[in-house]
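Structure record follows, encoded as structure tokens.
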Number of protein chains: 2
Amino acid sequence: MTLLQIIEGACGRAARRGKVYRQVSKGANMTTIASHTLTFTRTDPELNELFERTQEISDLDNLLSLLGWDQQVNMPPQANQIRGPQLATLQALAHERRTAPRIGELLDIVGPRVQGEGYTDADRGLVREARRAYDQNTKIPAALVREVAETTSAAWGAWEQAKPANDFALFAPHLRKVVTLMRQVAEHLGYQGSPYNALLDLYEPGMTLDTLNPIFARVREATVDLLRRIQASGRAIDTSCIHGTFDTAKQLDLCTEMLKRMGYRFEAGRMDQSSHPFTGGGGSPFDVRLTTRVDPTYLPMALMAAIHEGGHALYEQGSDPALARTILAGGTSMGLHESESRLWENYIGRSLPFWKRHVDLLRTTFPETFGRREVEEFVSAINEVKPSFIRTEADEVTYNLHIIIRFELEQGLITGEIDVDDLPHLWNQKYHDYLGIVPPTDTLGVLQDIHWSGGSFGYFPTYTLGNLYGAQIYHTLRQVFPDFDERLATEGTAFILNWLREQMYAYGKTYTPDEVIRKMTGEALNPEYFVQYANAKFGSLYGLNA
Amino acid sequence: MTLLQIIEGACGRAARRGKVYRQVSKGANMTTIASHTLTFTRTDPELNELFERTQEISDLDNLLSLLGWDQQVNMPPQANQIRGPQLATLQALAHERRTAPRIGELLDIVGPRVQGEGYTDADRGLVREARRAYDQNTKIPAALVREVAETTSAAWGAWEQAKPANDFALFAPHLRKVVTLMRQVAEHLGYQGSPYNALLDLYEPGMTLDTLNPIFARVREATVDLLRRIQASGRAIDTSCIHGTFDTAKQLDLCTEMLKRMGYRFEAGRMDQSSHPFTGGGGSPFDVRLTTRVDPTYLPMALMAAIHEGGHALYEQGSDPALARTILAGGTSMGLHESESRLWENYIGRSLPFWKRHVDLLRTTFPETFGRREVEEFVSAINEVKPSFIRTEADEVTYNLHIIIRFELEQGLITGEIDVDDLPHLWNQKYHDYLGIVPPTDTLGVLQDIHWSGGSFGYFPTYTLGNLYGAQIYHTLRQVFPDFDERLATEGTAFILNWLREQMYAYGKTYTPDEVIRKMTGEALNPEYFVQYANAKFGSLYGLNA
């Protein structure tokens, strides 16, 4: 088992994120993409050997991902007693393949070669991803991997007890050990500047604090300001139409129909229920499965989760078939993956034009609630802004503040500027400063997330990166299609999906996140698009612009 | 991929039978079991190393079985494009483990040792099963395995075309190649007497034609005679109550409730639908999943399939937890596995006492049909005897004749006494002689089964062996419990399941089939119990004894 699989397993988003260790390296920085092709040069013997070895690894990773899907969707409870060791056996075999010295030799041979004439972007992407995975899998000593596995396993157990008991002191010594180990991991991985950069790079290749700190500071400042103005407006949104009694089977039918309209291909996937919605399956683009979760008294729970996971799934299903069974299939980073779930869920899926097109689904599925209601009322209800303690229940405005709080704290933990014992106090202080609320308990505060117990430091920022990438891509879409709202309201989303496939989805991991966002939008990540979007949308909703 | 996995994959019962290559060897012949224990002697270093190596193989086999379950139950259609190669990758890794020379060395060391003092029956079972699997996996040259894979794949494709087209000539050249290869396989495996014995032993360890031929001749003779008398009786069974309109969801509820009453543990399994019902999952006894198939116009389709698969599943769930993740978990042979599906489906599940106990389920699920109907009418209906062309639709009396026809023909093919071109004629001749009917087409005749296209010669007999073992065990049950019918009609099946667990299920593959049947019933396989059962039951139903 690799370090990242341990971290990811503990984190619970493993199935969706199962391919994080195959993300792009920080080295490559192309600003323009002159030419590309998704054909691999199989006539080069060493490159072909690398291709076949990585294909084998990709097959095993995909089967592991599928077994993870089974675990969350179908597995009977008593199977718990055997599944862990069974997966460990398979992981050990996969680890042998991932760390085969021959891969290192091949990378040394073909690495320089593919930069020259006669090789394709797919070749270069393959070598970059293979190098990244090989380095990550070989740099951390086996003893440290084992120690992380044992420590995070114990920390997870302590967290599971501490959270409901509101007992941070029970969790603290475990968390301290995890932090110490993750610093060691960072040292082995290597970094420039802060050790936190080494961990950040695991999840968002090429991202560093130098880039991230000013971006997140800007988002924080703008969001805190917007939130204060919203609260000062005194305006309350009527959310009564999304609370009530909504038959579970009908909600699932609604989700299915919505996914079909979004262009999700059920012939290459399926929708099931699980306690935490996720997207996984047996391999992009032909086996991409998603789940949702139903609350029979709250309509957006299942519906918006389905649209969110649908965004992830459209990205995965969009990989060019030429990438199937290669390490380039799927999404290129966690941040860009989240950009697609957020794009579909929030920028598109919480917009009025979208619901003008799809209100018929609401009306036919739940005629008693929506039969005679204006679509504007539903759209307002799903856009209410309201500070809350729990990240996973947050709205579009406050969500990033939850993330930024965690980002600031975990950065301090890793650099040693913050001590574990100070976490609850600092957590509550930041909630007070940014969100204007103070959690009454650590259960609703610092103990709420599973991530740190599993060593997932550097992971949280990718949520907000997703929101920012998403806003930038959404802005570009509106530029490319000047009649965006009108087409969305009348035609639906097919024109959007086509553009996203051509510009992004088809390439899988062929390009780095930085390359992708520049190629799509013409510039590097820029938080102003989110700030403008949020100010415009919520300014209008709360009457701030008058 | 091993030869048997190819054969099994083509055969379609792979998921249920996925562990056939870990069956018992023909060597061991204990007539009494003096002492036993299900504890492994982990203090012996070489035995422990063998234990751990076989545990790794068992883990991989179980995960492969689970992936097979997914393929039949959940897999979206387009995943077909990647799943085969993905599984081939995993199979190749598993094959490396199965054929590791170190296993051969360890077997040579511990083989004699475990026969001495201080070792348990579990140790001896482990060594026997490991030796059997190692020999099967190493005796057949890789080139031949590959040739079988390619040839059966092409033969399967031809069969798929030939069957609906009623075109035996299209299939014949492929079948001829398969037969030639399977003769080569037999030579590599080694045998005494007929080469058919080598193939038979793959599915039913220790079984030979010397034993089987007289047994099957006896069953054929008695069954043909019984069938003639039934037909001569002129009595017709009223089956109207099992035909009609039966809501699919209600049928599934009925199956679920029945499985619970049988003692199937849903916490260690689940029931789904698939086009061919089977039992599989991620490992006995903690992850044993079954499927059924619903015909909305014919009640016994789903219900009796659920009880049949429930029998398989009870055997698998019955393995002692000490055997979990070892190669001894699960059923000890295909014939004995089928004995349990048939015991539960036919000997118990088509009996009047069983339905006296459970008629309430029929009445509450389908009150319009069964609310006021006598239970005897339902039991008669599900026991109608009627010669038909299709094996899978056959009743308890004629089923074995379908098998014996295939057994006689495939034996001739392997020994060279029958030529492929003569098959359709011989097939129809035998149907005429034994069943008194002649298939109007090869689609309904020699082309109906998938088995031969995949090289599954020696497989068919295990169906009838299951019926015979089942009758013998049923006879013993009635001896052990003199008030069997009364208890069944009032208490249900718990006392039966307890006895089966103690006598058989708990031991998994610890003992050979011959050891198991002797231990349970006090004698070797004896067809007279089936003959007596069939004559008594159907003699009574058709009024032949008057």
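Quick note on naming: the chains in the structure tokens go A, B, ... in the order shown, residues restart at 1 in each chain, and ligands are numbered from 1 in order of appearance.
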
Chain B residues near chain A (8 Å cut-off, only C-alpha atoms) as a PyMOL selection string: chain B and resi 56+59-60+63+67+75-79+81-83+85-87+89-90+93+266-270+282-283+286-287+324-325

Exercise: Ala162 (chain B) partners within 12 Å, only C-alpha atoms, chain neighbours under 2 positions left out, as a PyMOL selection string: chain B and resi 155-160+164-175+441-444+446-450+453

Pairwise distance for CA of Arg124 (chain B) and CA of Asn137 (chain B), rounded to one decimal in Å: 19.9 Å

Backbone DSSP call of helix (DSSP H, G or I) for region 186-280 of chain B, listed as a PyMOL selection string: chain B and resi 186-189+196-203+209-233+240-242+248-262+266-268

Non-local contacts of Asn213 (chain B) (12 Å; only C-alpha atoms; under 6 positions in same chain excluded) as a ChimeraX atom specification: /B:194,196-197,207,219-220,404,407-408,411,461,465,527

Written selection (N, CA, C and O atoms) as a PDB file, in the first residue's frame:
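Ended up saving to out-v4.pdb:
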ATOM      1  N   SER B 194      -9.137 -43.900 -18.940  1.00  0.00           N
ATOM      2  CA  SER B 194      -9.527 -43.003 -20.030  1.00  0.00           C
ATOM      3  C   SER B 194      -8.992 -41.592 -19.839  1.00  0.00           C
ATOM      4  O   SER B 194      -8.931 -41.095 -18.708  1.00  0.00           O
ATOM      5  N   TYR B 196     -10.586 -39.083 -20.397  1.00  0.00           N
ATOM      6  CA  TYR B 196     -11.720 -38.338 -19.845  1.00  0.00           C
ATOM      7  C   TYR B 196     -11.593 -38.194 -18.330  1.00  0.00           C
ATOM      8  O   TYR B 196     -12.042 -37.210 -17.746  1.00  0.00           O
ATOM      9  N   ASN B 197     -10.946 -39.190 -17.688  1.00  0.00           N
ATOM     10  CA  ASN B 197     -10.773 -39.137 -16.227  1.00  0.00           C
ATOM     11  C   ASN B 197      -9.997 -37.897 -15.787  1.00  0.00           C
ATOM     12  O   ASN B 197     -10.267 -37.342 -14.728  1.00  0.00           O
ATOM     13  N   MET B 207     -13.011 -38.588  -8.878  1.00  0.00           N
ATOM     14  CA  MET B 207     -14.031 -39.351  -9.595  1.00  0.00           C
ATOM     15  C   MET B 207     -13.442 -39.908 -10.895  1.00  0.00           C
ATOM     16  O   MET B 207     -12.650 -39.242 -11.548  1.00  0.00           O
ATOM     17  N   VAL B 219     -28.865 -44.973 -13.015  1.00  0.00           N
ATOM     18  CA  VAL B 219     -29.793 -43.842 -12.963  1.00  0.00           C
ATOM     19  C   VAL B 219     -30.574 -43.743 -14.276  1.00  0.00           C
ATOM     20  O   VAL B 219     -31.782 -43.517 -14.289  1.00  0.00           O
ATOM     21  N   ARG B 220     -29.873 -43.956 -15.367  1.00  0.00           N
ATOM     22  CA  ARG B 220     -30.537 -43.864 -16.671  1.00  0.00           C
ATOM     23  C   ARG B 220     -31.639 -44.910 -16.805  1.00  0.00           C
ATOM     24  O   ARG B 220     -32.779 -44.601 -17.130  1.00  0.00           O
ATOM     25  N   ILE B 404     -27.008 -37.238 -18.660  1.00  0.00           N
ATOM     26  CA  ILE B 404     -26.392 -38.517 -19.059  1.00  0.00           C
ATOM     27  C   ILE B 404     -26.164 -38.540 -20.570  1.00  0.00           C
ATOM     28  O   ILE B 404     -25.140 -39.058 -21.038  1.00  0.00           O
ATOM     29  N   PHE B 407     -23.071 -36.563 -21.046  1.00  0.00           N
ATOM     30  CA  PHE B 407     -21.943 -37.321 -20.496  1.00  0.00           C
ATOM     31  C   PHE B 407     -21.502 -38.409 -21.474  1.00  0.00           C
ATOM     32  O   PHE B 407     -20.316 -38.556 -21.767  1.00  0.00           O
ATOM     33  N   GLU B 408     -22.446 -39.144 -21.999  1.00  0.00           N
ATOM     34  CA  GLU B 408     -22.109 -40.226 -22.927  1.00  0.00           C
ATOM     35  C   GLU B 408     -21.457 -39.674 -24.185  1.00  0.00           C
ATOM     36  O   GLU B 408     -20.498 -40.227 -24.704  1.00  0.00           O
ATOM     37  N   GLN B 411     -17.869 -38.031 -23.451  1.00  0.00           N
ATOM     38  CA  GLN B 411     -16.903 -39.100 -23.188  1.00  0.00           C
ATOM     39  C   GLN B 411     -16.414 -39.687 -24.515  1.00  0.00           C
ATOM     40  O   GLN B 411     -15.215 -39.871 -24.719  1.00  0.00           O
ATOM     41  N   PRO B 461     -21.306 -34.012 -15.741  1.00  0.00           N
ATOM     42  CA  PRO B 461     -21.659 -35.050 -14.760  1.00  0.00           C
ATOM     43  C   PRO B 461     -21.868 -34.518 -13.341  1.00  0.00           C
ATOM     44  O   PRO B 461     -22.604 -35.123 -12.561  1.00  0.00           O
ATOM     45  N   LEU B 465     -24.262 -35.778 -10.335  1.00  0.00           N
ATOM     46  CA  LEU B 465     -23.634 -36.153  -9.060  1.00  0.00           C
ATOM     47  C   LEU B 465     -24.270 -35.368  -7.912  1.00  0.00           C
ATOM     48  O   LEU B 465     -24.490 -35.915  -6.833  1.00  0.00           O
ATOM     49  N   PRO B 527     -26.271 -44.654  -5.928  1.00  0.00           N
ATOM     50  CA  PRO B 527     -27.389 -44.072  -6.673  1.00  0.00           C
ATOM     51  C   PRO B 527     -28.753 -44.583  -6.229  1.00  0.00           C
ATOM     52  O   PRO B 527     -29.777 -44.025  -6.627  1.00  0.00           O
TER      53      PRO B 527
END

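Look at Asp485 (chain A): the protein and nucleic acid residues within 9 Å of it, using only C-alpha atoms and passing over chain neighbours fewer than 4 places away, are Leu352, Pro353, Phe354, Arg478, Phe481, Ala489 and Thr490 of chain A.
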
Next, write the just-selected residues to a file, as a tab-separated table (two decimals), in the first residue's frame, keeping all heavy atoms as the atom set.
chain	number	residue	atom	x	y	z
A	352	LEU	N	-30.50	30.28	-12.78
A	352	LEU	CA	-31.88	30.39	-13.25
A	352	LEU	C	-32.07	29.80	-14.65
A	352	LEU	O	-33.04	29.06	-14.87
A	352	LEU	CB	-32.33	31.85	-13.19
A	352	LEU	CG	-33.79	32.11	-13.55
A	352	LEU	CD1	-34.75	31.35	-12.63
A	352	LEU	CD2	-34.10	33.60	-13.51
A	353	PRO	N	-31.19	30.11	-15.61
A	353	PRO	CA	-31.40	29.55	-16.96
A	353	PRO	C	-31.46	28.02	-16.95
A	353	PRO	O	-32.27	27.42	-17.65
A	353	PRO	CB	-30.18	30.04	-17.75
A	353	PRO	CG	-29.66	31.21	-17.01
A	353	PRO	CD	-30.02	31.02	-15.57
A	354	PHE	N	-30.60	27.40	-16.14
A	354	PHE	CA	-30.58	25.94	-16.05
A	354	PHE	C	-31.95	25.43	-15.60
A	354	PHE	O	-32.49	24.49	-16.17
A	354	PHE	CB	-29.49	25.51	-15.06
A	354	PHE	CG	-29.36	24.02	-14.86
A	354	PHE	CD1	-28.64	23.24	-15.76
A	354	PHE	CD2	-29.93	23.40	-13.75
A	354	PHE	CE1	-28.49	21.87	-15.56
A	354	PHE	CE2	-29.79	22.03	-13.55
A	354	PHE	CZ	-29.07	21.26	-14.46
A	478	ARG	N	-18.93	31.80	-20.86
A	478	ARG	CA	-19.84	32.91	-21.15
A	478	ARG	C	-19.25	33.84	-22.21
A	478	ARG	O	-20.00	34.53	-22.91
A	478	ARG	CB	-20.18	33.67	-19.87
A	478	ARG	CG	-20.89	32.80	-18.83
A	478	ARG	CD	-21.27	33.60	-17.59
A	478	ARG	NE	-22.29	34.59	-17.91
A	478	ARG	CZ	-23.59	34.38	-17.85
A	478	ARG	NH1	-24.04	33.19	-17.48
A	478	ARG	NH2	-24.44	35.32	-18.15
A	481	PHE	N	-19.57	31.75	-25.58
A	481	PHE	CA	-20.98	31.70	-26.01
A	481	PHE	C	-21.69	32.95	-25.50
A	481	PHE	O	-22.21	32.95	-24.37
A	481	PHE	CB	-21.67	30.45	-25.47
A	481	PHE	CG	-21.01	29.17	-25.90
A	481	PHE	CD1	-20.16	28.48	-25.05
A	481	PHE	CD2	-21.22	28.66	-27.19
A	481	PHE	CE1	-19.55	27.30	-25.45
A	481	PHE	CE2	-20.61	27.48	-27.60
A	481	PHE	CZ	-19.77	26.80	-26.73
A	489	ALA	N	-31.07	28.09	-21.21
A	489	ALA	CA	-32.49	28.07	-20.83
A	489	ALA	C	-33.35	27.35	-21.87
A	489	ALA	O	-34.44	26.85	-21.53
A	489	ALA	CB	-33.00	29.49	-20.62
A	490	THR	N	-32.88	27.29	-23.09
A	490	THR	CA	-33.72	26.67	-24.13
A	490	THR	C	-33.20	25.30	-24.58
A	490	THR	O	-33.95	24.34	-24.66
A	490	THR	CB	-33.83	27.59	-25.37
A	490	THR	OG1	-32.50	27.97	-25.76
A	490	THR	CG2	-34.62	28.85	-25.04

Shell around Ala305 (chain A) at 8 Å using only C-alpha atoms, local window under 4 positions removed, as JSON, numbers by chain: {"A": [277, 292, 293, 300, 301, 309, 345]}
